[in-house]
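> Sending over a structure as structure tokens; questions will come in a sec.
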Amino acid sequence: MLLRFCKLCYQDSGVSIINLRKYGKRVSTKRFKKCKVENETLTHDQINMKKPIIVCKRPIFNFYKGQTYSQYEEIPIASKGWHHSKAKGDYFHVYSEHELKSDQAIVESTFENYDLCPSLYKKLQELGFIKLLEIQERAIPKILDGQNTVLAAETGCGKTLAYLVPLINQILNWKSLLQRPFNSPLGLIITPTRELAVQIGVEAKKLSKDLNISTKILTGGKTKRMVLRLPLNDVDLVVASFGVISKLSTFGLYKLNCVKHIVLDEADALFHDTFEGKLKIFMNRLKIGYQQVIDENGMPKNTQLTLASATMPQRISEVLGDIVNVNSLTQIVSEKLHHVLVSQKFMRLGSSQKPYELLKYIKPKIKSKEPIIIFSNNNATCDWISMFLHECGIDNVHLNGNMPLTVRQGKYKEFKIGKVNILSATNIGSRGLDTFMVRHILNYDFPLDTSDYIHRCGRVGRIGSHEDCKVINFISHYLEIEIVQKIERALRRGRPIPIFNIMKNNTKDDLESLISSNDIQNDIIENINEENSIPY
């Protein structure tokens with residue numbers, strides 16, 4: 001009995017000592033005194049009147065719109081002590097300062113304001129494209145003018161149509177002016193993944209239908225069969241994953257000497273170290289000029305370059321410095337680039353807690369049939385999550401770069417059409433895919449590259465998406481905590497999310513498998529209406 005009371009006494013004295021230390025700090029340091037007084041003088045009603053930006057489990061770390069920190073002040077972050085095991089169970093929410101309403105993205109300009117071919121303008125009207133989105137209004141005139149362009153804007157804001165419309169208009173104007181051999185396209189769109197190539201190719205085929213433009217989608221299949229039996233056709237526009245077009249152009253099966261406009265979609269992924277060597281060799285086959293120069297016949301003498309990405313492409317000078325004058329690139333950058341656009345929750349968990357929290361989170365969503373994408377950092381975890389959910393009686397599909405084409409084919413389509421509502425994926429599913437139906441993203445593993453984090457979050461909050469979209473982040477490992485701390489500091493400073501890779505010297509598992517699968521398996525997709533022909 002006495003021991004118990006002694007213990008209580010000891011605890012009370014400890015608290016008193018801690019409070020005494022805190023009081024000493026407040027007295028000795030003006031900066032801490034000022035910060036503490038401000039937090040204490042805010043009433044409950046005043047806090048509710050402020051718009052929250054960061055709301056934490058521990059309210060002392062809450063952050064509101066208009067709140068600022070001095071230049072030399074140490075920013076108090078909720079994730080500061082997360083390296084300690086006792087921090088498990090802590091969390092904080094981040095809310096967007098930007099409104100995600102589709103009508104705000106629409107501008108007053110219409111496609112009628114541009115000198116487009118009448119047949120193309122009529123096709124745009126048939127497809128329901130009347131008014132332009134903000135990024136389209138800024139980009140289309142520059143691309144039509146023949147300028148080399150960088151489109152850097154948040155996902156789901158209309159970048160694909162921003163370069164497809166001028167590209168198809170150019171092909172319509174050029175096609176009758178130049179005699180070309182078979183398999184010699186005028187336009188070329190390159191992507192890092194086959195899923196993105198198919199998605200863009202389908203949109204290009206819809207837009208060019210009945211316009212006498214031949215569009216080919218090159219992705220996933222068997223290279224040897226293609227080399228031996230490649231069809232020879234008049235091709236105007238090719239949409240391809242990088243591995244496919246690189247190999248076919250090396251063999252001379254597709255000729256690049258007539259390409260007058262090349263688009264690198266998700267350019268930041270193509271500029272990764274693992275792509276760099278092959279990309280430089282490929283781009284050297286093209287004659288990219290400072291700007292398109294038109295000859296006496298009305299044809300450009302050189303090739304126009306367009307880069308598109310949801311994150312500002314890094315290392316442009318390193319990769320393309322010897323191929324194109326970097327000063328010729330006109331940058332069109334969105335104000336929302338690299339900002340948080342949907343509400344998010346960061347949860348500090350132990351590795352053993354993650355499976356339980358996964359089930360706890362997704363079970364209510366299954367009942368209401370809300371589509372969810374679960375992201376992981378490697379192929380093994382992606383496969384394990386899928387098997388774990390199946391064992392729990394939850395239908396799902398998974399997608400990663402190690403999957404053979406025969407297994408991978410049709411996976412994403414099952415998710416997109418609503419046959420299943422859960423997709424387990426690696427970063428291969430984070431870039432460019434049109435996932436307007438998705439309402440929830442769960443980062444089971446937090447990415448070690450912030451550009452991957454931005455692309456994953458970009459699967460929700462798109463134009464046309466449901467308004468109530470959320471991102472949940474599980475944080476457990478040391479490096480994940482380091483990244484979250486940097487992100488939280490940037491958000492409290494009102495700055496965009498910094499772009500960095502905390503594992504700069506390591507090669508990404510997903511990109512390696514992505515390149516190898518693209519190099520080994522290649523094919524042509526002829527009929528986009530046949531479900532089995534699309535490698536989703």
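Just so we're on the same page: first chain in the structure tokens is A, next is B, and so on; residues restart at 1 for each chain, and ligands are numbered from 1 in the order they show up.
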Within 10 Å of stretch 125-144 of chain A, which residues of stretch 237-323 of chain A come that close, and what is the closest atom pair and distance in Å for each? Count only C-alpha atoms and give it as a tab-separated table.

```
residue	atom	partner	partner_atom	distance
A:His261	CA	A:Ile143	CA	9.8
A:Gln304	CA	A:Ile143	CA	8.6
A:Leu305	CA	A:Ile143	CA	9.1
A:Thr306	CA	A:Ile143	CA	7.9
```
> Could you name the residues that touch A:Phe375 at 10 Å or less, counting only C-alpha atoms, but leaving out those on the same chain fewer than 5 positions away, as a PyMOL selection string?
chain A and resi 381-382+385+398-399+423-430+441-447+453+456+473
> Might you pull out every residue within 10 Å of A:Asp395, with only C-alpha atoms counted and same-chain residues fewer than 5 positions away left off, and present them as a list in words?
Ile366, Ser386, Met387, Leu389, His390, Lys419, Val420, Asn421, Ile422 and Leu423 of chain A
> Which residues in stretch 143-177 of chain A does DSSP call strand (DSSP E or B)? List them as a list in words.
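Answer for stretch 143-177 of chain A, restricted to strand (DSSP E or B): Gln147, Thr149, Val150, Leu151 and Ala152 of chain A.
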> Please identify all polymer residues within 6 Å of stretch 266-280 of chain A, counting only C-alpha atoms, omitting same-chain residues fewer than 6 positions from it, and present them as a VMD selection string.
chain A and resid 192 307 to 309 313
> What does the distance between atom CA of A:Thr68 and atom CA of A:Ile502 come to in Å, to one decimal place?
27.4 Å
> What lies within 6 Å of stretch 238-255 of chain A using only C-alpha atoms, ignoring chain neighbours under 6 positions off, as number ranges by chain?
A: 183-184, 188-194, 197, 201, 215-219, 518-519, 522
